[in-house]
Every structure is written in C-alpha cells, then in structure tokens.
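Colleague: This is the content of final-v4.cif (mmCIF, C-alpha atoms, pLDDT in the B column; chains and numbers go by the auth columns):
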```cif
data_target
#
loop_
_atom_site.group_PDB
_atom_site.id
_atom_site.type_symbol
_atom_site.label_atom_id
_atom_site.label_comp_id
_atom_site.label_asym_id
_atom_site.label_seq_id
_atom_site.Cartn_x
_atom_site.Cartn_y
_atom_site.Cartn_z
_atom_site.B_iso_or_equiv
_atom_site.auth_seq_id
_atom_site.auth_asym_id
ATOM 1 C CA MET A 1 112.638 72.373 84.884 49.00 277 A
ATOM 2 C CA ALA A 2 110.012 69.691 85.468 49.00 278 A
ATOM 3 C CA ILE A 3 106.686 70.398 87.136 54.00 279 A
ATOM 4 C CA ALA A 4 106.553 68.969 90.630 51.00 280 A
ATOM 5 C CA THR A 5 103.320 67.396 91.834 52.00 281 A
ATOM 6 C CA GLU A 6 101.863 69.042 94.919 52.00 282 A
ATOM 7 C CA PRO A 7 101.720 66.740 97.948 52.00 283 A
ATOM 8 C CA ARG A 8 98.254 65.329 98.643 52.00 284 A
ATOM 9 C CA THR A 9 97.188 65.745 102.267 51.00 285 A
ATOM 10 C CA SER A 10 93.950 66.470 104.071 59.00 286 A
ATOM 11 C CA ALA A 11 93.659 70.197 103.427 63.00 287 A
ATOM 12 C CA PRO A 12 91.611 73.192 104.540 80.00 288 A
ATOM 13 C CA GLU A 13 88.765 74.565 102.453 92.00 289 A
ATOM 14 C CA LEU A 14 89.644 75.534 98.884 94.00 290 A
ATOM 15 C CA VAL A 15 88.842 79.246 98.545 96.00 291 A
ATOM 16 C CA LEU A 16 90.465 80.215 95.249 97.00 292 A
ATOM 17 C CA GLU A 17 91.167 78.148 92.161 97.00 293 A
ATOM 18 C CA LEU A 18 92.385 78.812 88.627 98.00 294 A
ATOM 19 C CA GLN A 19 91.679 76.071 86.105 98.00 295 A
ATOM 20 C CA ASN A 20 93.595 76.155 82.794 97.00 296 A
ATOM 21 C CA VAL A 21 93.427 79.962 82.602 98.00 297 A
ATOM 22 C CA HIS A 22 94.511 81.825 79.455 98.00 298 A
ATOM 23 C CA THR A 23 94.624 85.639 79.694 98.00 299 A
ATOM 24 C CA TYR A 24 95.566 88.023 76.899 96.00 300 A
ATOM 25 C CA TYR A 25 96.707 91.615 76.455 94.00 301 A
ATOM 26 C CA GLY A 26 95.209 92.238 73.037 93.00 302 A
ATOM 27 C CA ARG A 27 96.644 89.467 70.863 92.00 303 A
ATOM 28 C CA ILE A 28 99.460 88.659 73.287 94.00 304 A
ATOM 29 C CA ARG A 29 98.769 85.631 75.459 95.00 305 A
ATOM 30 C CA ALA A 30 100.181 86.395 78.911 96.00 306 A
ATOM 31 C CA LEU A 31 98.884 83.302 80.735 97.00 307 A
ATOM 32 C CA GLN A 32 99.054 79.923 79.028 96.00 308 A
ATOM 33 C CA GLY A 33 96.913 77.390 80.846 97.00 309 A
ATOM 34 C CA VAL A 34 97.636 78.397 84.444 98.00 310 A
ATOM 35 C CA SER A 35 96.125 76.222 87.156 97.00 311 A
ATOM 36 C CA LEU A 36 96.618 76.866 90.860 97.00 312 A
ATOM 37 C CA GLU A 37 94.762 76.765 94.141 97.00 313 A
ATOM 38 C CA VAL A 38 94.739 78.640 97.437 97.00 314 A
ATOM 39 C CA ARG A 39 93.247 77.189 100.604 97.00 315 A
ATOM 40 C CA LYS A 40 91.753 78.954 103.583 96.00 316 A
ATOM 41 C CA GLY A 41 94.331 80.391 105.978 96.00 317 A
ATOM 42 C CA GLU A 42 97.321 79.948 103.671 97.00 318 A
ATOM 43 C CA ILE A 43 99.982 82.298 102.426 97.00 319 A
ATOM 44 C CA VAL A 44 100.724 81.179 98.875 98.00 320 A
ATOM 45 C CA THR A 45 103.417 82.907 96.856 97.00 321 A
ATOM 46 C CA LEU A 46 103.984 83.283 93.120 97.00 322 A
ATOM 47 C CA ILE A 47 107.600 83.663 92.082 94.00 323 A
ATOM 48 C CA GLY A 48 109.216 84.157 88.708 93.00 324 A
ATOM 49 C CA ALA A 49 111.098 86.650 86.584 90.00 325 A
ATOM 50 C CA ASN A 50 109.614 89.903 85.295 89.00 326 A
ATOM 51 C CA GLY A 51 107.072 89.109 82.588 90.00 327 A
ATOM 52 C CA ALA A 52 106.397 85.597 83.891 94.00 328 A
ATOM 53 C CA GLY A 53 102.704 86.365 84.418 95.00 329 A
ATOM 54 C CA LYS A 54 102.510 86.900 88.179 96.00 330 A
ATOM 55 C CA THR A 55 100.779 90.303 88.088 95.00 331 A
ATOM 56 C CA THR A 56 98.500 89.083 85.294 97.00 332 A
ATOM 57 C CA ILE A 57 97.303 86.256 87.542 97.00 333 A
ATOM 58 C CA LEU A 58 96.332 88.706 90.297 97.00 334 A
ATOM 59 C CA LYS A 59 94.565 90.994 87.818 96.00 335 A
ATOM 60 C CA THR A 60 92.695 88.017 86.370 97.00 336 A
ATOM 61 C CA ILE A 61 91.527 86.981 89.832 97.00 337 A
ATOM 62 C CA SER A 62 90.468 90.491 90.876 96.00 338 A
ATOM 63 C CA GLY A 63 88.558 91.236 87.683 96.00 339 A
ATOM 64 C CA LEU A 64 90.897 93.863 86.245 95.00 340 A
ATOM 65 C CA LEU A 65 91.470 91.393 83.406 96.00 341 A
ATOM 66 C CA HIS A 66 89.263 88.526 82.278 97.00 342 A
ATOM 67 C CA ALA A 67 90.407 85.107 81.126 97.00 343 A
ATOM 68 C CA ARG A 68 89.493 84.175 77.543 96.00 344 A
ATOM 69 C CA GLU A 69 89.769 80.485 78.349 97.00 345 A
ATOM 70 C CA GLY A 70 89.615 78.528 81.577 97.00 346 A
ATOM 71 C CA GLN A 71 87.907 79.371 84.827 97.00 347 A
ATOM 72 C CA VAL A 72 88.532 81.316 88.033 98.00 348 A
ATOM 73 C CA ARG A 73 86.581 80.043 91.048 97.00 349 A
ATOM 74 C CA PHE A 74 86.171 81.707 94.441 97.00 350 A
ATOM 75 C CA GLN A 75 84.597 79.760 97.283 95.00 351 A
ATOM 76 C CA GLY A 76 83.243 77.322 94.722 94.00 352 A
ATOM 77 C CA ALA A 77 81.595 79.932 92.458 96.00 353 A
ATOM 78 C CA ASP A 78 82.686 80.815 88.929 97.00 354 A
ATOM 79 C CA ILE A 79 83.913 84.440 88.987 97.00 355 A
ATOM 80 C CA THR A 80 85.759 84.405 85.659 97.00 356 A
ATOM 81 C CA GLN A 81 83.768 87.240 84.098 96.00 357 A
ATOM 82 C CA ARG A 82 82.698 89.129 87.221 96.00 358 A
ATOM 83 C CA ALA A 83 83.428 92.861 87.491 95.00 359 A
ATOM 84 C CA ALA A 84 86.183 94.035 89.845 94.00 360 A
ATOM 85 C CA HIS A 85 83.843 95.970 92.172 91.00 361 A
ATOM 86 C CA ASP A 86 81.626 92.883 92.554 93.00 362 A
ATOM 87 C CA LEU A 87 84.631 90.799 93.559 95.00 363 A
ATOM 88 C CA VAL A 88 85.541 93.267 96.300 92.00 364 A
ATOM 89 C CA LYS A 89 82.043 92.783 97.713 90.00 365 A
ATOM 90 C CA LEU A 90 82.478 89.010 97.530 93.00 366 A
ATOM 91 C CA GLY A 91 85.660 89.164 99.601 94.00 367 A
ATOM 92 C CA ILE A 92 88.680 89.606 97.320 96.00 368 A
ATOM 93 C CA GLY A 93 91.034 92.481 98.174 93.00 369 A
ATOM 94 C CA HIS A 94 93.867 93.607 95.906 92.00 370 A
ATOM 95 C CA ALA A 95 96.861 95.796 96.773 88.00 371 A
ATOM 96 C CA PRO A 96 98.338 96.357 93.296 85.00 372 A
ATOM 97 C CA GLU A 97 101.918 96.790 92.192 79.00 373 A
ATOM 98 C CA GLY A 98 103.067 100.400 92.495 69.00 374 A
ATOM 99 C CA ARG A 99 100.782 101.117 95.494 68.00 375 A
ATOM 100 C CA ARG A 100 98.314 103.241 93.488 80.00 376 A
ATOM 101 C CA ILE A 101 97.243 105.311 96.461 86.00 377 A
ATOM 102 C CA PHE A 102 95.395 108.616 95.975 86.00 378 A
ATOM 103 C CA SER A 103 98.290 111.005 96.477 87.00 379 A
ATOM 104 C CA ARG A 104 96.165 114.134 97.016 90.00 380 A
ATOM 105 C CA LEU A 105 93.857 112.516 99.548 93.00 381 A
ATOM 106 C CA THR A 106 94.798 112.173 103.190 94.00 382 A
ATOM 107 C CA VAL A 107 95.640 108.826 104.747 94.00 383 A
ATOM 108 C CA TYR A 108 92.201 108.792 106.384 94.00 384 A
ATOM 109 C CA GLU A 109 90.466 109.576 103.082 93.00 385 A
ATOM 110 C CA ASN A 110 92.441 106.845 101.295 90.00 386 A
ATOM 111 C CA LEU A 111 91.262 104.347 103.881 93.00 387 A
ATOM 112 C CA GLN A 112 87.673 105.488 103.470 91.00 388 A
ATOM 113 C CA MET A 113 87.972 104.926 99.712 88.00 389 A
ATOM 114 C CA GLY A 114 88.662 101.264 100.439 86.00 390 A
ATOM 115 C CA ALA A 115 85.475 100.949 102.488 85.00 391 A
ATOM 116 C CA PHE A 116 82.830 101.520 99.826 79.00 392 A
ATOM 117 C CA THR A 117 81.286 98.137 100.632 76.00 393 A
ATOM 118 C CA ARG A 118 80.894 98.977 104.349 77.00 394 A
ATOM 119 C CA THR A 119 78.411 101.057 106.305 82.00 395 A
ATOM 120 C CA ARG A 120 79.686 104.317 107.824 84.00 396 A
ATOM 121 C CA ALA A 121 79.909 102.729 111.273 87.00 397 A
ATOM 122 C CA GLU A 122 81.726 99.674 109.919 87.00 398 A
ATOM 123 C CA ALA A 123 84.124 101.881 107.964 88.00 399 A
ATOM 124 C CA GLN A 124 85.042 103.862 111.063 89.00 400 A
ATOM 125 C CA GLU A 125 85.561 100.638 112.995 89.00 401 A
ATOM 126 C CA ASP A 126 87.797 99.356 110.211 89.00 402 A
ATOM 127 C CA VAL A 127 89.825 102.577 110.179 93.00 403 A
ATOM 128 C CA GLU A 128 90.587 102.019 113.850 92.00 404 A
ATOM 129 C CA ARG A 129 91.479 98.413 113.081 89.00 405 A
ATOM 130 C CA MET A 130 93.945 99.589 110.416 91.00 406 A
ATOM 131 C CA TYR A 131 95.462 102.137 112.788 92.00 407 A
ATOM 132 C CA SER A 132 96.079 99.353 115.316 89.00 408 A
ATOM 133 C CA LEU A 133 97.736 97.214 112.641 87.00 409 A
ATOM 134 C CA PHE A 134 99.677 100.144 111.118 87.00 410 A
ATOM 135 C CA PRO A 135 100.336 102.652 113.955 89.00 411 A
ATOM 136 C CA ARG A 136 102.281 104.949 111.636 88.00 412 A
ATOM 137 C CA LEU A 137 99.146 105.542 109.590 92.00 413 A
ATOM 138 C CA ARG A 138 97.390 106.918 112.663 92.00 414 A
ATOM 139 C CA GLU A 139 100.276 109.368 113.136 92.00 415 A
ATOM 140 C CA ARG A 140 99.963 110.415 109.469 91.00 416 A
ATOM 141 C CA SER A 141 96.162 110.301 109.224 92.00 417 A
ATOM 142 C CA ARG A 142 95.797 113.963 108.148 93.00 418 A
ATOM 143 C CA GLN A 143 98.748 113.945 105.749 92.00 419 A
ATOM 144 C CA GLN A 144 98.303 113.602 102.014 93.00 420 A
ATOM 145 C CA GLY A 145 99.188 110.157 100.719 89.00 421 A
ATOM 146 C CA GLY A 146 101.784 111.604 98.363 88.00 422 A
ATOM 147 C CA SER A 147 103.750 113.043 101.276 91.00 423 A
ATOM 148 C CA LEU A 148 104.367 109.628 102.843 89.00 424 A
ATOM 149 C CA SER A 149 107.586 107.645 102.533 86.00 425 A
ATOM 150 C CA GLY A 150 107.653 104.640 100.229 82.00 426 A
ATOM 151 C CA GLY A 151 107.206 102.227 103.123 82.00 427 A
ATOM 152 C CA GLU A 152 104.308 104.217 104.545 86.00 428 A
ATOM 153 C CA GLN A 153 102.627 104.335 101.136 88.00 429 A
ATOM 154 C CA GLN A 154 102.938 100.559 100.899 85.00 430 A
ATOM 155 C CA MET A 155 101.350 100.196 104.328 86.00 431 A
ATOM 156 C CA LEU A 156 98.540 102.501 103.223 90.00 432 A
ATOM 157 C CA ALA A 157 97.963 100.468 100.048 89.00 433 A
ATOM 158 C CA VAL A 158 97.689 97.247 102.048 88.00 434 A
ATOM 159 C CA ALA A 159 95.486 98.881 104.696 90.00 435 A
ATOM 160 C CA ARG A 160 93.160 100.307 102.040 91.00 436 A
ATOM 161 C CA ALA A 161 92.754 96.828 100.520 89.00 437 A
ATOM 162 C CA LEU A 162 91.955 95.431 103.965 90.00 438 A
ATOM 163 C CA MET A 163 89.217 98.015 104.567 90.00 439 A
ATOM 164 C CA SER A 164 86.741 95.854 102.644 87.00 440 A
ATOM 165 C CA ARG A 165 87.416 92.973 105.073 90.00 441 A
ATOM 166 C CA PRO A 166 88.526 90.548 102.352 93.00 442 A
ATOM 167 C CA SER A 167 88.736 86.849 103.025 95.00 443 A
ATOM 168 C CA VAL A 168 91.521 86.665 100.402 96.00 444 A
ATOM 169 C CA LEU A 169 94.104 89.420 99.949 96.00 445 A
ATOM 170 C CA LEU A 170 96.122 89.679 96.728 96.00 446 A
ATOM 171 C CA LEU A 171 99.462 91.427 97.293 94.00 447 A
ATOM 172 C CA ASP A 172 101.583 92.504 94.324 93.00 448 A
ATOM 173 C CA GLU A 173 105.248 93.280 95.062 89.00 449 A
ATOM 174 C CA PRO A 174 104.750 94.760 98.552 87.00 450 A
ATOM 175 C CA SER A 175 108.511 95.133 99.149 84.00 451 A
ATOM 176 C CA LEU A 176 109.332 96.778 95.814 81.00 452 A
ATOM 177 C CA GLY A 177 111.677 99.745 96.245 78.00 453 A
ATOM 178 C CA LEU A 178 111.824 99.545 100.031 79.00 454 A
ATOM 179 C CA ALA A 179 114.887 99.663 102.265 80.00 455 A
ATOM 180 C CA PRO A 180 115.820 96.314 103.885 83.00 456 A
ATOM 181 C CA ILE A 181 114.575 97.333 107.336 81.00 457 A
ATOM 182 C CA LEU A 182 111.177 98.278 105.891 81.00 458 A
ATOM 183 C CA ILE A 183 111.011 95.046 103.899 84.00 459 A
ATOM 184 C CA GLN A 184 111.256 93.103 107.159 86.00 460 A
ATOM 185 C CA GLU A 185 108.476 95.227 108.632 83.00 461 A
ATOM 186 C CA VAL A 186 106.186 94.724 105.640 84.00 462 A
ATOM 187 C CA PHE A 187 106.663 90.946 105.723 90.00 463 A
ATOM 188 C CA SER A 188 105.963 90.882 109.449 89.00 464 A
ATOM 189 C CA ILE A 189 102.720 92.754 108.785 87.00 465 A
ATOM 190 C CA ILE A 190 101.742 90.240 106.082 91.00 466 A
ATOM 191 C CA GLN A 191 102.221 87.436 108.597 93.00 467 A
ATOM 192 C CA GLU A 192 100.146 89.337 111.154 90.00 468 A
ATOM 193 C CA ILE A 193 97.345 89.860 108.614 90.00 469 A
ATOM 194 C CA ASN A 194 97.386 86.139 107.898 94.00 470 A
ATOM 195 C CA THR A 195 97.393 85.265 111.594 93.00 471 A
ATOM 196 C CA ARG A 196 94.265 87.400 112.003 89.00 472 A
ATOM 197 C CA GLY A 197 92.451 85.200 109.499 92.00 473 A
ATOM 198 C CA THR A 198 93.070 86.596 106.006 95.00 474 A
ATOM 199 C CA THR A 199 94.257 84.228 103.290 97.00 475 A
ATOM 200 C CA VAL A 200 97.077 85.756 101.228 97.00 476 A
ATOM 201 C CA LEU A 201 98.196 85.268 97.634 98.00 477 A
ATOM 202 C CA LEU A 202 101.553 87.013 97.370 97.00 478 A
ATOM 203 C CA VAL A 203 103.517 88.107 94.304 95.00 479 A
ATOM 204 C CA GLU A 204 107.046 89.027 95.300 89.00 480 A
ATOM 205 C CA GLN A 205 110.386 89.458 93.515 84.00 481 A
ATOM 206 C CA ASN A 206 112.188 88.779 96.793 87.00 482 A
ATOM 207 C CA ALA A 207 111.665 85.043 96.461 90.00 483 A
ATOM 208 C CA LEU A 208 113.575 84.081 99.604 89.00 484 A
ATOM 209 C CA GLN A 209 111.528 86.396 101.828 90.00 485 A
ATOM 210 C CA ALA A 210 108.307 85.210 100.220 93.00 486 A
ATOM 211 C CA LEU A 211 109.145 81.523 100.654 95.00 487 A
ATOM 212 C CA ASN A 212 110.131 82.170 104.278 94.00 488 A
ATOM 213 C CA ILE A 213 106.582 83.221 105.198 96.00 489 A
ATOM 214 C CA ALA A 214 104.521 81.144 102.732 97.00 490 A
ATOM 215 C CA GLN A 215 103.215 77.612 103.136 97.00 491 A
ATOM 216 C CA ARG A 216 103.229 76.848 99.412 97.00 492 A
ATOM 217 C CA GLY A 217 104.423 78.401 96.186 97.00 493 A
ATOM 218 C CA TYR A 218 104.150 78.344 92.417 97.00 494 A
ATOM 219 C CA VAL A 219 107.010 79.139 90.057 96.00 495 A
ATOM 220 C CA LEU A 220 106.020 80.809 86.786 95.00 496 A
ATOM 221 C CA GLN A 221 107.873 81.111 83.524 94.00 497 A
ATOM 222 C CA THR A 222 106.498 82.809 80.384 94.00 498 A
ATOM 223 C CA GLY A 223 102.900 82.491 81.490 96.00 499 A
ATOM 224 C CA ARG A 224 103.055 78.889 82.684 96.00 500 A
ATOM 225 C CA VAL A 225 103.392 77.174 86.059 97.00 501 A
ATOM 226 C CA ILE A 226 106.604 75.164 85.935 96.00 502 A
ATOM 227 C CA LYS A 227 106.836 74.150 89.584 95.00 503 A
ATOM 228 C CA ALA A 228 104.362 73.846 92.461 96.00 504 A
ATOM 229 C CA ASP A 229 105.319 72.632 95.914 96.00 505 A
ATOM 230 C CA THR A 230 105.600 73.508 99.576 97.00 506 A
ATOM 231 C CA ALA A 231 107.601 76.650 100.300 96.00 507 A
ATOM 232 C CA ASP A 232 110.306 74.648 102.090 95.00 508 A
ATOM 233 C CA ARG A 233 110.809 72.327 99.148 95.00 509 A
ATOM 234 C CA LEU A 234 110.890 75.167 96.642 95.00 510 A
ATOM 235 C CA ALA A 235 113.437 77.049 98.772 94.00 511 A
ATOM 236 C CA ALA A 236 115.645 73.930 98.757 94.00 512 A
ATOM 237 C CA ASP A 237 115.162 73.162 95.062 93.00 513 A
ATOM 238 C CA PRO A 238 118.474 73.636 93.189 92.00 514 A
ATOM 239 C CA ASP A 239 116.781 75.033 90.061 91.00 515 A
ATOM 240 C CA VAL A 240 114.799 77.561 92.095 91.00 516 A
ATOM 241 C CA ARG A 241 117.863 78.539 94.083 90.00 517 A
ATOM 242 C CA ARG A 242 119.879 79.170 90.930 88.00 518 A
ATOM 243 C CA ALA A 243 117.154 81.028 89.073 87.00 519 A
ATOM 244 C CA TYR A 244 115.503 83.069 91.827 83.00 520 A
ATOM 245 C CA LEU A 245 117.615 83.014 94.989 75.00 521 A
ATOM 246 C CA GLY A 246 120.871 84.171 93.399 64.00 522 A
ATOM 247 C CA GLU A 247 122.869 80.980 93.875 55.00 523 A
ATOM 248 C CA ILE A 248 125.265 79.644 91.257 47.00 524 A
#
```
Rewrite the structure from the file as structure tokens, please.
Modeller:
Amino acid sequence: MAIATEPRTSAPELVLELQNVHTYYGRIRALQGVSLEVRKGEIVTLIGANGAGKTTILKTISGLLHAREGQVRFQGADITQRAAHDLVKLGIGHAPEGRRIFSRLTVYENLQMGAFTRTRAEAQEDVERMYSLFPRLRERSRQQGGSLSGGEQQMLAVARALMSRPSVLLLDEPSLGLAPILIQEVFSIIQEINTRGTTVLLVEQNALQALNIAQRGYVLQTGRVIKADTADRLAADPDVRRAYLGEI
C-alpha cells in the first residue's frame, strides 16, 4: 500500500509532532521512522493490526518509552527524553491499554490519584467535573475500582487521565472487551471530551468506529506509517477497508 500525502490546508496550531521516531524494546525496533502530527482540537486515530506499533507510539509520547532516534515535540518543545510525570504536568494525559486502574482503591481515590498536579481545591473541582461527564462514577464513588464492570472501569481510566486537565489525551483501546452498547457510550464520551476542548490521539482496534469520530488518521504496519489521510478518505480506501474494516 502506498503512502498517501496529507492534504495541505490552513490548519490549527500544531500541538504534537513525531519526527522520524525509532523506538526499541531492547534490541527489537518497534517503531521505524514514524512521523505524524496532531493539531489543536482534533481527534486523530491510529489504526493497524496487533504489533503494528500503535501502543508504542503512545508510550513514546507519554514518556513511558523513549525514542532512540528522532524527536517528539509538544507545543513546539522537544520532549523526547522527558520523564512521564513531567509530561503530565505539561499537559499530556494517557489512559493506557488494559485500564490499569487501582483495583483496591475506591473510584474517588482513583480519581484523586490522577490529580497529583492539582491543588486540593482544584482536584475536588475536577472530581465534580468527572462526575458530571461520567454520572455512573458518582454512583460508584465509594466502590472499589475492581468491583466495577468493564465499561465502568474504562470510564474510570479515562476520567483519571482527565483529572490532570490535559490539553492532549492519549487513549489506548478504550473499547477493548466492551459490549456493543458500551462501545457506543465510550465513543460518545470521547466526542464529548473533544467538544469540551481536549485534543485526542486515539488507538483503537475498532477502525470503523474510530474513523467515524476522527478528523484524520494514520495507518501503521510493522512500525511504519503506510497511509495518512482524512478519516473519510481512509474509511473509503479499498486497501483500508479490506485490511481493517473486514471487507473482502
């Protein structure tokens, strides 16, 4: 599949950029010269098969991994080697694959754990903001995280990431393992988060759902970007439809 050139138009502020990024797990090179960009107010999705490098990209941006070559830039600054906790303070939130909530802590305590960059008053204000966005979390506020359903745990993971008031939110497989009705709810919440002003970089196996809510997308294969285009064009692309949307 050939790499498509992204359309050139007057665009909002560039907030996140990867330039020729190579990331390794030990001696294994997981990303091979990845370049991409995310602009203010967008939902941008990464699609590709398991092992394509999608999760590695998010970890490289959020500081859980560091690129050996290339550069990651956030709001114009080089953040390639910055520590993960510093990047949270700068405005990058990350809801990782597998939710990774604190199962023995209550919903309220999980939310507080996401607010380490805020003052006590700000944290309490943000808890109320999360309860308005995720009403079910208010109902479950005193329950342990491990007692929640899969969908509720996913909501908690996203809400915890939002507690730091990120300008960019990285979401890794938010619909994984959820029933269809909950998948629709989670995607509606992602759109609501975006409408409220948070830029979103979304990794999602459900490529059709992701392309339905995104403005642009990147297709990855074995650690490389092989296509980059608007979401509408990717959804109509015959190669993408065959490979990722289940069409023959």
Colleague: From the list A:Pro450, A:Pro456, A:Gly339, A:Pro288, which residue is nearest A:Glu318 when using all atoms listed in the file?
Modeller: A:Pro288
Colleague: Smallest atom-to-atom distance to A:Ala399: which of A:Leu496, A:Arg441, A:Leu363, A:Glu428, using only C-alpha atoms?
Modeller: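 Using only C-alpha atoms, A:Ala399 sits closest to A:Arg441.
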Colleague: Measuring between all atoms listed in the file, which one of A:Leu452, A:Leu413, A:Ala306, A:Ile466 shows the shortest distance to A:Thr382?
Modeller: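 Smallest distance to A:Thr382 is found for A:Leu413.
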Colleague: If I take atom CA of A:Thr299 and atom CA of A:Ala360, how far is one from the other in Å, to one decimal?
Modeller: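 Distance between the two atoms: 15.6 Å.
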Colleague: I need the residue nearest A:Ile304 from this list: A:Asp448, A:Thr498, A:Gln419, A:Arg394. Use only C-alpha atoms for the distance.
Modeller: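 Of A:Asp448, A:Thr498, A:Gln419, A:Arg394, the one nearest A:Ile304, counting only C-alpha atoms, is A:Thr498.
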Colleague: What's around A:Tyr494 at 6 Å? Count all atoms listed in the file, leave out sequence neighbours fewer than 5 positions away in its own chain, and write the answer as number ranges by chain.
Modeller: A: 322, 503-504
Colleague: Please list as a count of residues only every residue within 8 Å of A:Ala325, counting only C-alpha atoms and excluding residues in the same chain fewer than 2 positions away.
Modeller: 7
Colleague: Could you give me, as a PyMOL selection string, the residues within 10 Å of A:Arg376, counting only C-alpha atoms and dropping anything in the same chain fewer than 3 positions from it?
Modeller: chain A and resi 371-373+379+429-430+432-433
Colleague: Between atom CA of A:Ile368 and atom CA of A:Ile333, what is the spacing in Å?
Modeller: 13.5 Å
Colleague: Which residue out of A:Thr332, A:Ser338, A:Gln485, A:Thr475 has the minimum interatomic distance to A:Gln357 when all atoms listed in the file are used?
Modeller: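 Between A:Thr332, A:Ser338, A:Gln485, A:Thr475, the residue approaching A:Gln357 most closely is A:Ser338.
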